[in-house]
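Novice: Would you mind keeping the following structure in view while I ask a few things?
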Amino acid sequence: MIENILGKFDQNIERLKKQQEFGFRCFAFLNGIIGNEIRQEKFQNSYAGHAVDLTIRSVQSSLMMFCSRHWDKNPDAQSIYCTAALGEKALQKIIDRHQAYFEKNKIDRDADEYRDYFCRLKRDIDACAASHEAQYVRVIRSEDLAHLVVGSRDRKRALEEHPQFDLDQLSSTSLLSFARQTLELSERLVYFAERHSPGFDYHINFLTKYFDRYWDNLPNFSQVEEPF
């Protein structure tokens, strides 16, 4: 039974790793424009700027879906939340696997450190899963992105826990903050499973260079475009 759980845990980790790159790209792209008035001026009050605005909105929706997948609580979901639950059940097996690696490679290290590491990680995952931002993302996913419904079950659950629940409180800045938490927790989960993860800053610093080129080379459309 535990071996089967460990196998599912490993499968989930691989799936999360494949998803991460897309999430990092969406985050880095939006992080380069949200709150940056100088770059926003390049496409405001112009015809061509509508295309840039559409791109930004599309990436925001994609990042929203990325986060909603990572926090899916469906038992069969390969999400952060469900993967952490599997990791908790297979914790000793994972620690034993790390210890076997250390002993095989003659590394003087006690794998039991991963027990404390996982406890801190699980606490942070549970806190993030219960946050207002996680609920906002689930409701928007259910009512606007995946379906067009009113009064979804996700909204009803959110209102039961928070009577003052208001979707208007989810700004672009708070979405970015929540996405960063999501990406960081996923990277920490990968580290727990594999003893190695490049980390959030490595990915973002690398991708930011690409998207900075895009934003910095974007012309001021209102100054170069011809009127209709």
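Chain lettering (A, B, ...) mirrors the order of the structure tokens, residue numbering begins at 1 for each chain separately, and ligand numbering begins at 1 in order of display.
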Would you mind listing what lies within 12 Å of Asp112 in chain A as number ranges by chain, with only C-alpha atoms counted and same-chain residues fewer than 6 positions away left out?
Specialist: A: 91-100, 102, 118-119, 192
Novice: If you keep all heavy atoms, can you produce a file of those selected residues as a tab-separated table (two decimals), in the first residue's frame?
Specialist:
chain	number	residue	atom	x	y	z
A	91	LEU	N	5.95	9.47	4.04
A	91	LEU	CA	7.08	10.25	4.56
A	91	LEU	C	8.28	9.38	4.92
A	91	LEU	O	9.41	9.67	4.52
A	91	LEU	CB	6.63	11.06	5.77
A	91	LEU	CG	7.70	11.95	6.43
A	91	LEU	CD1	8.28	12.92	5.43
A	91	LEU	CD2	7.09	12.70	7.62
A	92	GLN	N	8.06	8.30	5.68
A	92	GLN	CA	9.18	7.47	6.12
A	92	GLN	C	9.88	6.81	4.94
A	92	GLN	O	11.11	6.70	4.91
A	92	GLN	CB	8.72	6.41	7.11
A	92	GLN	CG	9.86	5.66	7.78
A	92	GLN	CD	10.82	6.59	8.51
A	92	GLN	OE1	10.40	7.40	9.35
A	92	GLN	NE2	12.10	6.50	8.20
A	93	LYS	N	9.11	6.39	3.94
A	93	LYS	CA	9.70	5.77	2.75
A	93	LYS	C	10.57	6.76	2.00
A	93	LYS	O	11.64	6.41	1.49
A	93	LYS	CB	8.59	5.24	1.83
A	93	LYS	CG	7.99	3.92	2.24
A	93	LYS	CD	8.98	2.79	1.97
A	93	LYS	CE	8.37	1.44	2.29
A	93	LYS	NZ	9.32	0.32	2.03
A	94	ILE	N	10.12	7.99	1.93
A	94	ILE	CA	10.90	9.02	1.23
A	94	ILE	C	12.19	9.31	1.99
A	94	ILE	O	13.27	9.44	1.39
A	94	ILE	CB	10.05	10.30	1.07
A	94	ILE	CG1	8.84	10.01	0.18
A	94	ILE	CG2	10.89	11.44	0.49
A	94	ILE	CD1	7.80	11.12	0.16
A	95	ILE	N	12.09	9.40	3.30
A	95	ILE	CA	13.28	9.62	4.13
A	95	ILE	C	14.25	8.46	3.99
A	95	ILE	O	15.47	8.65	3.85
A	95	ILE	CB	12.87	9.82	5.60
A	95	ILE	CG1	12.11	11.14	5.76
A	95	ILE	CG2	14.10	9.80	6.51
A	95	ILE	CD1	11.52	11.35	7.13
A	96	ASP	N	13.73	7.24	4.01
A	96	ASP	CA	14.59	6.05	3.85
A	96	ASP	C	15.29	6.07	2.50
A	96	ASP	O	16.47	5.67	2.39
A	96	ASP	CB	13.76	4.77	3.98
A	96	ASP	CG	13.25	4.55	5.40
A	96	ASP	OD1	13.77	5.18	6.33
A	96	ASP	OD2	12.31	3.74	5.57
A	97	ARG	N	14.61	6.51	1.48
A	97	ARG	CA	15.20	6.57	0.14
A	97	ARG	C	16.34	7.58	0.11
A	97	ARG	O	17.39	7.34	-0.50
A	97	ARG	CB	14.12	6.93	-0.88
A	97	ARG	CG	14.58	6.89	-2.32
A	97	ARG	CD	13.41	6.87	-3.29
A	97	ARG	NE	12.58	8.07	-3.20
A	97	ARG	CZ	11.46	8.24	-3.91
A	97	ARG	NH1	11.05	7.28	-4.73
A	97	ARG	NH2	10.77	9.36	-3.79
A	98	HIS	N	16.15	8.72	0.75
A	98	HIS	CA	17.22	9.72	0.82
A	98	HIS	C	18.42	9.17	1.60
A	98	HIS	O	19.58	9.37	1.20
A	98	HIS	CB	16.72	10.99	1.50
A	98	HIS	CG	15.71	11.76	0.69
A	98	HIS	ND1	15.69	11.76	-0.68
A	98	HIS	CD2	14.69	12.58	1.09
A	98	HIS	CE1	14.71	12.53	-1.12
A	98	HIS	NE2	14.08	13.04	-0.06
A	99	GLN	N	18.13	8.48	2.71
A	99	GLN	CA	19.22	7.93	3.53
A	99	GLN	C	20.01	6.89	2.76
A	99	GLN	O	21.25	6.84	2.86
A	99	GLN	CB	18.65	7.32	4.81
A	99	GLN	CG	19.71	6.95	5.83
A	99	GLN	CD	20.50	8.16	6.31
A	99	GLN	OE1	19.93	9.16	6.71
A	99	GLN	NE2	21.83	8.08	6.24
A	100	ALA	N	19.31	6.06	1.99
A	100	ALA	CA	19.98	5.04	1.17
A	100	ALA	C	20.90	5.71	0.15
A	100	ALA	O	22.01	5.23	-0.11
A	100	ALA	CB	18.95	4.17	0.47
A	102	PHE	N	22.38	8.68	0.49
A	102	PHE	CA	23.52	9.23	1.21
A	102	PHE	C	24.54	8.15	1.55
A	102	PHE	O	25.74	8.33	1.38
A	102	PHE	CB	23.06	9.91	2.50
A	102	PHE	CG	22.20	11.14	2.27
A	102	PHE	CD1	21.24	11.51	3.21
A	102	PHE	CD2	22.36	11.92	1.13
A	102	PHE	CE1	20.45	12.63	3.01
A	102	PHE	CE2	21.57	13.04	0.92
A	102	PHE	CZ	20.62	13.40	1.86
A	118	PHE	N	9.77	18.67	5.76
A	118	PHE	CA	8.43	18.41	5.24
A	118	PHE	C	7.35	18.97	6.16
A	118	PHE	O	6.33	19.49	5.68
A	118	PHE	CB	8.20	16.91	5.05
A	118	PHE	CG	6.83	16.59	4.49
A	118	PHE	CD1	6.55	16.76	3.15
A	118	PHE	CD2	5.81	16.16	5.34
A	118	PHE	CE1	5.29	16.51	2.63
A	118	PHE	CE2	4.55	15.89	4.83
A	118	PHE	CZ	4.27	16.06	3.47
A	119	CYS	N	7.55	18.89	7.45
A	119	CYS	CA	6.56	19.43	8.39
A	119	CYS	C	6.36	20.92	8.18
A	119	CYS	O	5.23	21.42	8.19
A	119	CYS	CB	6.99	19.14	9.83
A	119	CYS	SG	6.82	17.42	10.31
A	192	PHE	N	12.06	18.45	-1.72
A	192	PHE	CA	11.81	17.40	-0.73
A	192	PHE	C	11.86	16.02	-1.37
A	192	PHE	O	12.39	15.06	-0.78
A	192	PHE	CB	10.44	17.62	-0.08
A	192	PHE	CG	9.94	16.45	0.70
A	192	PHE	CD1	10.53	16.08	1.90
A	192	PHE	CD2	8.87	15.68	0.22
A	192	PHE	CE1	10.08	14.98	2.62
A	192	PHE	CE2	8.41	14.59	0.94
A	192	PHE	CZ	9.02	14.23	2.13
Novice: I need the residues in range 28-205 of chain A that are helix (DSSP H, G or I) according to DSSP; give them as a PyMOL selection string.
Specialist: chain A and resi 28-31+37-40+49-70+80-89+91-104+113-129+132-145+153-161+167-169+172-194+200-205
Novice: Residues of range 92-157 of chain A within 7 Å of range 62-73 of chain A: nearest atom pair and distance (Å, one decimal) for each, counting only C-alpha atoms, sorted by chain and number, as JSON lines?
Specialist:
{"residue": "A:Ala129", "atom": "CA", "partner": "A:Trp71", "partner_atom": "CA", "distance": 6.6}
{"residue": "A:Val137", "atom": "CA", "partner": "A:Ser68", "partner_atom": "CA", "distance": 6.0}
{"residue": "A:Arg138", "atom": "CA", "partner": "A:Ser68", "partner_atom": "CA", "distance": 5.8}
{"residue": "A:Arg141", "atom": "CA", "partner": "A:Met65", "partner_atom": "CA", "distance": 6.6}
Novice: Just the residues within 10 Å of range 49-57 of chain A, please, counting only C-alpha atoms, with nothing from its chain fewer than 6 positions along; format it as a PyMOL selection string.
Specialist: chain A and resi 26+29-30+33-34+40-43+63+218+220-222
Novice: Save out the residues we just selected, all heavy atoms, as a CSV table (one decimal), in the first residue's frame.
Specialist:
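Wrote it out as result-v1.csv, contents follow:
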chain,number,residue,atom,x,y,z
A,26,CYS,N,4.7,32.6,-17.4
A,26,CYS,CA,3.6,33.5,-17.2
A,26,CYS,C,3.9,34.6,-16.1
A,26,CYS,O,3.6,35.7,-16.2
A,26,CYS,CB,2.3,32.7,-16.8
A,26,CYS,SG,1.6,31.7,-18.1
A,29,PHE,N,6.5,37.1,-17.3
A,29,PHE,CA,6.0,38.1,-18.3
A,29,PHE,C,5.1,39.1,-17.6
A,29,PHE,O,5.3,40.3,-17.9
A,29,PHE,CB,5.1,37.3,-19.3
A,29,PHE,CG,4.4,38.1,-20.3
A,29,PHE,CD1,5.1,38.5,-21.5
A,29,PHE,CD2,3.1,38.6,-20.1
A,29,PHE,CE1,4.5,39.3,-22.5
A,29,PHE,CE2,2.5,39.4,-21.1
A,29,PHE,CZ,3.2,39.7,-22.3
A,30,LEU,N,4.2,38.7,-16.7
A,30,LEU,CA,3.4,39.7,-16.0
A,30,LEU,C,4.1,40.5,-15.1
A,30,LEU,O,3.8,41.7,-14.9
A,30,LEU,CB,2.2,38.9,-15.3
A,30,LEU,CG,1.2,38.3,-16.2
A,30,LEU,CD1,0.2,37.4,-15.4
A,30,LEU,CD2,0.5,39.3,-17.1
A,33,ILE,N,5.4,43.8,-16.4
A,33,ILE,CA,4.5,44.9,-16.8
A,33,ILE,C,3.5,45.4,-15.8
A,33,ILE,O,3.2,46.6,-15.7
A,33,ILE,CB,3.6,44.4,-18.1
A,33,ILE,CG1,2.8,45.6,-18.7
A,33,ILE,CG2,2.7,43.3,-17.7
A,33,ILE,CD1,3.7,46.7,-19.2
A,34,ILE,N,3.1,44.6,-14.8
A,34,ILE,CA,2.2,45.0,-13.8
A,34,ILE,C,2.9,46.0,-12.9
A,34,ILE,O,3.9,45.7,-12.3
A,34,ILE,CB,1.6,43.8,-13.0
A,34,ILE,CG1,0.7,43.0,-13.9
A,34,ILE,CG2,0.9,44.2,-11.8
A,34,ILE,CD1,0.2,41.7,-13.3
A,40,GLN,N,3.8,50.5,-19.5
A,40,GLN,CA,2.3,50.6,-19.9
A,40,GLN,C,2.0,51.7,-20.8
A,40,GLN,O,1.1,51.6,-21.7
A,40,GLN,CB,1.5,50.7,-18.6
A,40,GLN,CG,1.5,49.4,-17.7
A,40,GLN,CD,0.8,49.6,-16.4
A,40,GLN,OE1,0.3,50.7,-16.1
A,40,GLN,NE2,0.8,48.6,-15.6
A,41,GLU,N,2.8,52.8,-20.7
A,41,GLU,CA,2.5,54.0,-21.6
A,41,GLU,C,2.8,53.6,-23.0
A,41,GLU,O,2.3,54.3,-23.9
A,41,GLU,CB,3.4,55.1,-21.1
A,41,GLU,CG,3.0,55.8,-19.8
A,41,GLU,CD,3.9,56.9,-19.3
A,41,GLU,OE1,5.0,57.1,-20.0
A,41,GLU,OE2,3.6,57.5,-18.3
A,42,LYS,N,3.6,52.6,-23.3
A,42,LYS,CA,4.0,52.3,-24.6
A,42,LYS,C,2.8,51.8,-25.5
A,42,LYS,O,2.8,51.9,-26.7
A,42,LYS,CB,5.1,51.2,-24.6
A,42,LYS,CG,6.4,51.7,-24.1
A,42,LYS,CD,7.5,50.6,-24.3
A,42,LYS,CE,8.9,51.1,-24.0
A,42,LYS,NZ,9.9,50.1,-24.3
A,43,PHE,N,1.8,51.2,-24.8
A,43,PHE,CA,0.7,50.7,-25.6
A,43,PHE,C,-0.6,51.3,-25.3
A,43,PHE,O,-1.7,50.9,-25.9
A,43,PHE,CB,0.6,49.2,-25.5
A,43,PHE,CG,0.4,48.7,-24.1
A,43,PHE,CD1,-0.8,48.5,-23.6
A,43,PHE,CD2,1.5,48.3,-23.3
A,43,PHE,CE1,-1.0,48.0,-22.3
A,43,PHE,CE2,1.3,47.9,-22.0
A,43,PHE,CZ,0.1,47.7,-21.5
A,63,LEU,N,-2.2,32.2,-16.1
A,63,LEU,CA,-1.6,32.0,-14.8
A,63,LEU,C,-2.7,31.7,-13.7
A,63,LEU,O,-2.4,30.9,-12.8
A,63,LEU,CB,-0.9,33.4,-14.4
A,63,LEU,CG,-0.1,33.3,-13.1
A,63,LEU,CD1,1.0,32.3,-13.2
A,63,LEU,CD2,0.4,34.7,-12.8
A,218,LEU,N,9.6,47.2,-27.2
A,218,LEU,CA,8.3,47.6,-27.7
A,218,LEU,C,8.2,49.1,-27.9
A,218,LEU,O,8.6,49.9,-27.1
A,218,LEU,CB,7.3,47.2,-26.6
A,218,LEU,CG,5.8,47.0,-27.0
A,218,LEU,CD1,5.7,45.7,-27.9
A,218,LEU,CD2,4.9,46.8,-25.8
A,220,ASN,N,6.6,52.9,-28.6
A,220,ASN,CA,5.5,53.6,-28.1
A,220,ASN,C,4.5,53.8,-29.3
A,220,ASN,O,4.7,54.6,-30.2
A,220,ASN,CB,5.9,55.0,-27.7
A,220,ASN,CG,4.8,55.8,-26.9
A,220,ASN,OD1,3.7,55.8,-27.4
A,220,ASN,ND2,5.2,56.4,-25.8
A,221,PHE,N,3.5,52.9,-29.3
A,221,PHE,CA,2.6,52.8,-30.5
A,221,PHE,C,1.9,54.1,-30.9
A,221,PHE,O,1.8,54.3,-32.1
A,221,PHE,CB,1.6,51.7,-30.2
A,221,PHE,CG,2.1,50.3,-30.2
A,221,PHE,CD1,2.0,49.5,-29.1
A,221,PHE,CD2,2.7,49.8,-31.4
A,221,PHE,CE1,2.5,48.2,-29.1
A,221,PHE,CE2,3.2,48.5,-31.4
A,221,PHE,CZ,3.1,47.7,-30.3
A,222,SER,N,1.5,54.9,-29.9
A,222,SER,CA,0.8,56.1,-30.2
A,222,SER,C,1.7,57.1,-31.0
A,222,SER,O,1.1,57.9,-31.7
A,222,SER,CB,0.3,56.8,-29.0
A,222,SER,OG,1.3,57.2,-28.1
Novice: For Leu183 in chain A, please output as a CSV table (one decimal) with C-alpha atoms, in the first residue's frame all residues within 12 Å (counting only C-alpha atoms; exclusion window: fewer than 6 positions along the same chain).
Specialist:
chain,number,residue,atom,x,y,z
A,16,LEU,CA,4.4,19.3,-11.3
A,17,LYS,CA,7.9,19.7,-12.6
A,19,GLN,CA,4.0,22.3,-15.3
A,20,GLN,CA,6.4,24.6,-13.5
A,21,GLU,CA,8.1,26.0,-16.6
A,22,PHE,CA,4.8,27.4,-18.0
A,23,GLY,CA,4.0,29.0,-14.6
A,24,PHE,CA,7.4,30.6,-14.4
A,25,ARG,CA,7.0,32.1,-17.9
A,26,CYS,CA,3.6,33.5,-17.2
A,27,PHE,CA,4.8,35.0,-13.9
A,28,ALA,CA,7.9,36.6,-15.4
A,63,LEU,CA,-1.6,32.0,-14.8
A,66,PHE,CA,-2.1,27.3,-13.6
A,67,CYS,CA,-2.6,28.2,-10.0
A,69,ARG,CA,-4.6,23.3,-11.2
A,70,HIS,CA,-1.8,23.4,-8.6
A,71,TRP,CA,-4.4,23.8,-5.8
A,79,SER,CA,-1.6,19.2,-7.5
A,80,ILE,CA,0.6,20.6,-4.8
A,125,ILE,CA,1.0,24.4,1.9
A,128,CYS,CA,-1.8,28.8,1.3
A,176,LEU,CA,1.2,37.7,-8.8
A,177,SER,CA,1.9,37.3,-5.1
A,189,LEU,CA,8.0,20.0,-2.8
A,190,VAL,CA,10.3,19.0,-5.7
A,197,SER,CA,15.6,22.1,-7.1
A,198,PRO,CA,17.0,25.2,-9.0
A,199,GLY,CA,14.6,27.4,-7.0
A,200,PHE,CA,12.3,30.3,-7.8
A,201,ASP,CA,15.0,33.0,-8.2
A,203,HIS,CA,14.0,30.5,-13.0
A,204,ILE,CA,12.7,34.1,-12.7
Novice: Tell me which protein, DNA and RNA residues are within 12 Å of Gly7 in chain A, counting only C-alpha atoms, leaving out same-chain ones fewer than 2 positions away, and put them as a list of chain:residue names.
Specialist: A:Met1, A:Ile2, A:Glu3, A:Asn4, A:Ile5, A:Phe9, A:Asp10, A:Gln11, A:Asn12, A:Ile13, A:Glu14, A:Thr83, A:Leu86, A:Gly87, A:Lys89, A:Ala90, A:Lys93, A:Ile94, A:Ala193
Novice: Please indicate the distance in Å from CA of Gln135 in chain A to CA of Tyr81 in chain A, rounded to one decimal place.
Specialist: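 One can read the CA of Gln135 in chain A to CA of Tyr81 in chain A distance as 13.6 Å.
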Novice: Quick check, in Å to one decimal: how far apart do CA of Thr182 in chain A and CA of Ala134 in chain A lie?
Specialist: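 Separating CA of Thr182 in chain A from CA of Ala134 in chain A is a distance of 9.6 Å.
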Novice: With only C-alpha atoms as the atoms that count, which of A:Ser131, A:Gly151, A:Tyr136, A:Glu194 lies nearest to Ala111 in chain A?
Specialist: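 Of A:Ser131, A:Gly151, A:Tyr136, A:Glu194, the one nearest Ala111 in chain A is A:Glu194, counting only C-alpha atoms.
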Novice: In Å to one decimal, how far is CA of Arg188 in chain A from CA of Tyr117 in chain A?
Specialist: 9.3 Å
Novice: With distances taken over only C-alpha atoms, which of A:Val59, A:Glu225, A:Glu133, A:Asn205 is nearest to Ser174 in chain A?
Specialist: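 Between A:Val59, A:Glu225, A:Glu133, A:Asn205, the residue approaching Ser174 in chain A most closely is A:Glu133.
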